[in-house]
Amino acid sequence: MRVGVLTGGGDCPGLNAAIRAIVRKGIDVHGNTLVGFRDGWKGPLEDLHEELTVESTRGILPRGGTILGTSRTNPLKAEKGPQRVREAMRDLGLGGLIAIGGEDTLGAAATLHADHGVNVVGVPKTIDNDLGGTDATFGFDTALQVATEAIDRLHTTAESHHRVLVVEVMGRHAGWIALYSGLAGGGDVILIPERPFDIEEVCGLIQRRHGRGATFSIVVAAEGAVPVEGTMETVAGTTDEFGHVRLGGIGQRLETEIEGRTGFETRTVVLGHIQRGGTPTAYDRVLATRLGVAAIDAVQEGRWGTMPALHGTRIELVPLAEAVAELRTVPPEDYEVATPFLG
């Protein structure tokens with residue numbers, strides 16, 4: 001069988017490990033031919049593709065990013081998008097397609113399969129760890145390690161200058177990176193999208209800490225963290241093809257509010273895309289490899305419309321439509337673990 005592969009949405013560590021796994025098992029075990037589409041869904045829409053071989057994917061296991069490139073192109077918004085995807089697959093003689101991505105990439109894949117008959121298998125990836133249907137996505141562990149190391153480093157400079165440092169990490173709708181890095185790095189305030197915050201309570205935690213003799217504080221905030229309505233100004237951003245508002249800026253707003261309300265000198269550090277880049281951790285390399293192997297096996301078995309997922313320690317196939325039905329967000333009990341350490 002000839003099989004297409006694409007990586008869509010935000011890049012993350014582990015994508016190349018997944019591509020390598022698909023290619024190696026697809027060619028050496030199943031006798032497949034692999035075709036890589038460039039730049040996510042833009043590839044099949046604009047006929048951007050290349051053959052993937054064992055030789056062309058050699059040495060990519062430890063590399064971050066994706067050798068195929070990526071984009072936030074939405075094939076459902078493009079003119080005759082589903083038809084163009086089907087035609088691209090037909091012209092290349094592809095029996096199916098493996099889409100590696102997060103909620104948007106796999107949401108489009110689920111619709112293309114259910115409504116337009118496209119043979120597709122999904123692979124879950126996102127640093128936000130917010131994809132339903134799986135206990136974990138590759139990319140998260142690496143992003144978490146980067147954020148935690150940054151917080152570790154910021155402790156010493158915050159203490160030296162007696163400052164409050166606000167660390168803005170990624171997390172649009174889910175606060176997994178903020179919560180886990182805040183816990184691991186000893187954050188004094190942790191703000192996540194699932195729990196709208198009261199700026200007075202945030203300042204109260206910082207003042208209580210300083211009242212106990214501390215001379216600095218670390219505030220870890222997910223980019224999607226929002227204040228309780230009417231308590232603090234926020235700035236709206238532009239939207240992408242999937243209707244998501246471009247985030248960023250909550251750290252700067254917190255800096256202004258905290259310094260103005262407490263009098264403590266405050267600075268902001270925005271980690272941004274640093275969390276996406278660099279060498280994947282061993283955990284992400286292994287998880288991406290296991291998911292890639294399961295995906296090409298699912299293709300071989302004709303299990304279209306599914307996605308390999310991590311359940312406990314096992315990889316199991318789940319319906320793609322169910323996997324993207326809702327996001328996996330931080331439950332209240334997980335956040336409560338952090339509350340004894342705040343302030």
# chains A, B, ... in the order shown; residues from 1 in each chain; ligands from 1
>>> residues_around(residues="range 258-266 of chain A", least_positions_apart="4", cutoff="8 Å", atoms="only C-alpha atoms", output="PyMOL selection string")
chain A and resi 162-166+199+203+207+254
>>> residues_around(residues="Leu97 in chain A", least_positions_apart="2", cutoff="7 Å", atoms="only C-alpha atoms", output="NGL selection string")
:A and (3-5 or 99 or 119-121)
>>> select_by_dssp(residues="range 103-242 of chain A", states="helix (DSSP H, G or I)", output="MDAnalysis selection string")
chainID A and resid 103:116 140:161 176:185 199:211
>>> write_last_selection(atoms="C-alpha atoms", output="compact mmCIF listing (two decimals), in the first residue's frame")
# COMPACT_ATOMS: atom_id res chain seq x y z
CA GLU A 103 -7.28 18.89 18.24
CA ASP A 104 -7.50 20.91 15.00
CA THR A 105 -5.53 18.61 12.70
CA LEU A 106 -7.29 15.51 14.02
CA GLY A 107 -10.66 17.27 14.14
CA ALA A 108 -10.33 17.93 10.41
CA ALA A 109 -9.21 14.33 9.89
CA ALA A 110 -12.27 13.02 11.75
CA THR A 111 -14.60 15.12 9.60
CA LEU A 112 -12.85 14.14 6.37
CA HIS A 113 -13.30 10.48 7.31
CA ALA A 114 -16.89 10.69 8.59
CA ASP A 115 -18.34 13.09 6.03
CA HIS A 116 -16.13 12.69 2.97
CA PHE A 140 4.19 17.44 26.63
CA ASP A 141 7.01 15.86 28.62
CA THR A 142 9.68 17.84 26.76
CA ALA A 143 7.77 21.13 27.11
CA LEU A 144 7.30 20.40 30.81
CA GLN A 145 11.03 19.81 31.30
CA VAL A 146 11.88 23.06 29.50
CA ALA A 147 9.39 25.06 31.59
CA THR A 148 10.56 23.47 34.84
CA GLU A 149 14.22 24.17 34.08
CA ALA A 150 13.35 27.79 33.28
CA ILE A 151 11.54 28.19 36.61
CA ASP A 152 14.52 26.63 38.41
CA ARG A 153 16.81 29.21 36.81
CA LEU A 154 14.47 32.09 37.56
CA HIS A 155 14.43 31.32 41.28
CA THR A 156 18.00 32.49 41.75
CA THR A 157 17.65 35.77 39.85
CA ALA A 158 14.30 36.53 41.51
CA GLU A 159 15.85 35.96 44.91
CA SER A 160 18.94 38.03 44.10
CA HIS A 161 16.88 41.05 42.98
CA TRP A 176 -1.17 20.97 32.31
CA ILE A 177 2.16 22.70 31.58
CA ALA A 178 1.51 25.49 34.08
CA LEU A 179 0.31 23.14 36.83
CA TYR A 180 3.02 20.50 36.47
CA SER A 181 5.91 22.93 35.94
CA GLY A 182 4.62 25.07 38.78
CA LEU A 183 4.54 22.07 41.07
CA ALA A 184 7.91 20.75 39.93
CA GLY A 185 9.57 24.17 39.97
CA ILE A 199 -6.17 39.26 41.00
CA GLU A 200 -6.76 40.29 44.63
CA GLU A 201 -6.28 36.67 45.72
CA VAL A 202 -3.12 36.42 43.61
CA CYS A 203 -1.68 39.52 45.27
CA GLY A 204 -2.84 38.23 48.66
CA LEU A 205 -0.84 35.01 48.20
CA ILE A 206 2.27 37.00 47.28
CA GLN A 207 1.85 39.37 50.23
CA ARG A 208 1.33 36.44 52.62
CA ARG A 209 4.54 34.84 51.35
CA HIS A 210 6.50 38.06 51.76
CA GLY A 211 4.96 38.51 55.20
>>> residues_around(residues="range 301-303 of chain A", least_positions_apart="3", cutoff="9 Å", atoms="only C-alpha atoms", output="list of chain:residue names")
A:Gly96, A:Asn119, A:Val120, A:Val121, A:Ile296, A:Asp297, A:Ala298, A:Thr306, A:Met307, A:Leu317
>>> write_last_selection(atoms="N, CA and C atoms", output="JSON list (two decimals), in the first residue's frame")
[["chain", "number", "residue", "atom", "x", "y", "z"],
["A", 96, "GLY", "N", -4.38, 5.33, 1.91],
["A", 96, "GLY", "CA", -4.79, 5.97, 3.15],
["A", 96, "GLY", "C", -3.81, 7.03, 3.57],
["A", 119, "ASN", "N", -9.85, 7.83, 3.86],
["A", 119, "ASN", "CA", -9.22, 6.81, 4.69],
["A", 119, "ASN", "C", -8.10, 7.46, 5.50],
["A", 120, "VAL", "N", -8.33, 7.64, 6.78],
["A", 120, "VAL", "CA", -7.35, 8.35, 7.60],
["A", 120, "VAL", "C", -7.24, 7.71, 8.98],
["A", 121, "VAL", "N", -6.01, 7.71, 9.49],
["A", 121, "VAL", "CA", -5.71, 7.30, 10.87],
["A", 121, "VAL", "C", -4.99, 8.47, 11.52],
["A", 296, "ILE", "N", 0.72, 2.83, 11.80],
["A", 296, "ILE", "CA", 0.94, 2.12, 10.54],
["A", 296, "ILE", "C", 0.35, 0.72, 10.59],
["A", 297, "ASP", "N", 0.32, 0.11, 11.78],
["A", 297, "ASP", "CA", -0.36, -1.18, 11.94],
["A", 297, "ASP", "C", -1.86, -1.03, 11.70],
["A", 298, "ALA", "N", -2.44, 0.04, 12.20],
["A", 298, "ALA", "CA", -3.87, 0.29, 12.00],
["A", 298, "ALA", "C", -4.19, 0.49, 10.53],
["A", 306, "THR", "N", -9.58, 5.82, 13.14],
["A", 306, "THR", "CA", -9.15, 5.53, 14.51],
["A", 306, "THR", "C", -7.89, 6.31, 14.85],
["A", 307, "MET", "N", -7.52, 6.22, 16.12],
["A", 307, "MET", "CA", -6.32, 6.88, 16.60],
["A", 307, "MET", "C", -5.70, 6.03, 17.70],
["A", 317, "LEU", "N", -6.35, 1.40, 20.20],
["A", 317, "LEU", "CA", -7.03, 2.21, 19.19],
["A", 317, "LEU", "C", -8.36, 2.71, 19.73]]
>>> closest_residue(among="A:Glu316, A:Trp304, A:Gly171, A:Gly101", to="Val118 in chain A", atoms="only C-alpha atoms")
A:Trp304
>>> residues_around(residues="Asp47 in chain A", least_positions_apart="6", cutoff="10 Å", atoms="only C-alpha atoms", output="MDAnalysis selection string")
chainID A and resid 37:38 84:85 87:89 91:92
>>> write_last_selection(atoms="N, CA, C and O atoms", output="mmCIF file, in the first residue's frame")
data_model
loop_
_atom_site.group_PDB
_atom_site.id
_atom_site.type_symbol
_atom_site.label_atom_id
_atom_site.label_comp_id
_atom_site.auth_asym_id
_atom_site.auth_seq_id
_atom_site.Cartn_x
_atom_site.Cartn_y
_atom_site.Cartn_z
ATOM 1 N N PHE A 37 3.454 14.521 3.011
ATOM 2 C CA PHE A 37 2.905 15.803 2.564
ATOM 3 C C PHE A 37 3.567 16.927 3.346
ATOM 4 O O PHE A 37 3.726 16.847 4.561
ATOM 5 N N ARG A 38 3.933 17.994 2.641
ATOM 6 C CA ARG A 38 4.593 19.118 3.270
ATOM 7 C C ARG A 38 3.584 20.051 3.936
ATOM 8 O O ARG A 38 2.477 20.241 3.460
ATOM 9 N N ARG A 84 -10.290 18.254 -2.879
ATOM 10 C CA ARG A 84 -8.894 18.371 -3.276
ATOM 11 C C ARG A 84 -8.014 17.375 -2.513
ATOM 12 O O ARG A 84 -7.041 16.847 -3.066
ATOM 13 N N VAL A 85 -8.361 17.113 -1.251
ATOM 14 C CA VAL A 85 -7.609 16.113 -0.481
ATOM 15 C C VAL A 85 -7.798 14.734 -1.109
ATOM 16 O O VAL A 85 -6.838 13.981 -1.304
ATOM 17 N N GLU A 87 -8.628 14.019 -4.178
ATOM 18 C CA GLU A 87 -7.994 13.980 -5.496
ATOM 19 C C GLU A 87 -6.479 13.827 -5.374
ATOM 20 O O GLU A 87 -5.863 13.102 -6.158
ATOM 21 N N ALA A 88 -5.887 14.505 -4.411
ATOM 22 C CA ALA A 88 -4.437 14.384 -4.204
ATOM 23 C C ALA A 88 -4.068 12.951 -3.848
ATOM 24 O O ALA A 88 -3.079 12.401 -4.358
ATOM 25 N N MET A 89 -4.865 12.331 -2.982
ATOM 26 C CA MET A 89 -4.600 10.949 -2.601
ATOM 27 C C MET A 89 -4.797 10.009 -3.784
ATOM 28 O O MET A 89 -4.013 9.086 -3.997
ATOM 29 N N ASP A 91 -4.516 10.793 -7.036
ATOM 30 C CA ASP A 91 -3.472 11.013 -8.035
ATOM 31 C C ASP A 91 -2.143 10.372 -7.629
ATOM 32 O O ASP A 91 -1.348 9.958 -8.483
ATOM 33 N N LEU A 92 -1.892 10.303 -6.317
ATOM 34 C CA LEU A 92 -0.655 9.693 -5.819
ATOM 35 C C LEU A 92 -0.810 8.204 -5.554
ATOM 36 O O LEU A 92 0.139 7.540 -5.129
#
>>> residues_around(residues="range 219-223 of chain A", least_positions_apart="2", cutoff="8 Å", atoms="only C-alpha atoms", output="ChimeraX atom specification")
/A:164-172,175,177-178,182,187-193,217,225,247-251
>>> residues_around(residues="Gly102 in chain A", least_positions_apart="3", cutoff="7 Å", atoms="only C-alpha atoms", output="MDAnalysis selection string")
chainID A and resid 9 105:106 124:126 131
>>> select_by_dssp(residues="range 165-319 of chain A", states="strand (DSSP E)", output="MDAnalysis selection string")
chainID A and resid 165:169 189:191 217:222 266:270 306:311 314:319
>>> atom_distance(atom1="CA of His311 in chain A", atom2="CA of Arg328 in chain A")
13.5 Å
>>> residues_around(residues="range 30-36 of chain A", least_positions_apart="5", cutoff="8 Å", atoms="only C-alpha atoms", output="PyMOL selection string")
chain A and resi 1-6+23+25+49-53+68+300
>>> atom_distance(atom1="CA of Ala294 in chain A", atom2="CA of Pro308 in chain A")
6.1 Å
>>> atom_distance(atom1="CA of Gly65 in chain A", atom2="CA of Arg276 in chain A")
7.8 Å
>>> closest_residue(among="A:Ile19, A:Leu287, A:Ile27, A:Val270", to="Gln252 in chain A", atoms="only C-alpha atoms")
A:Val270
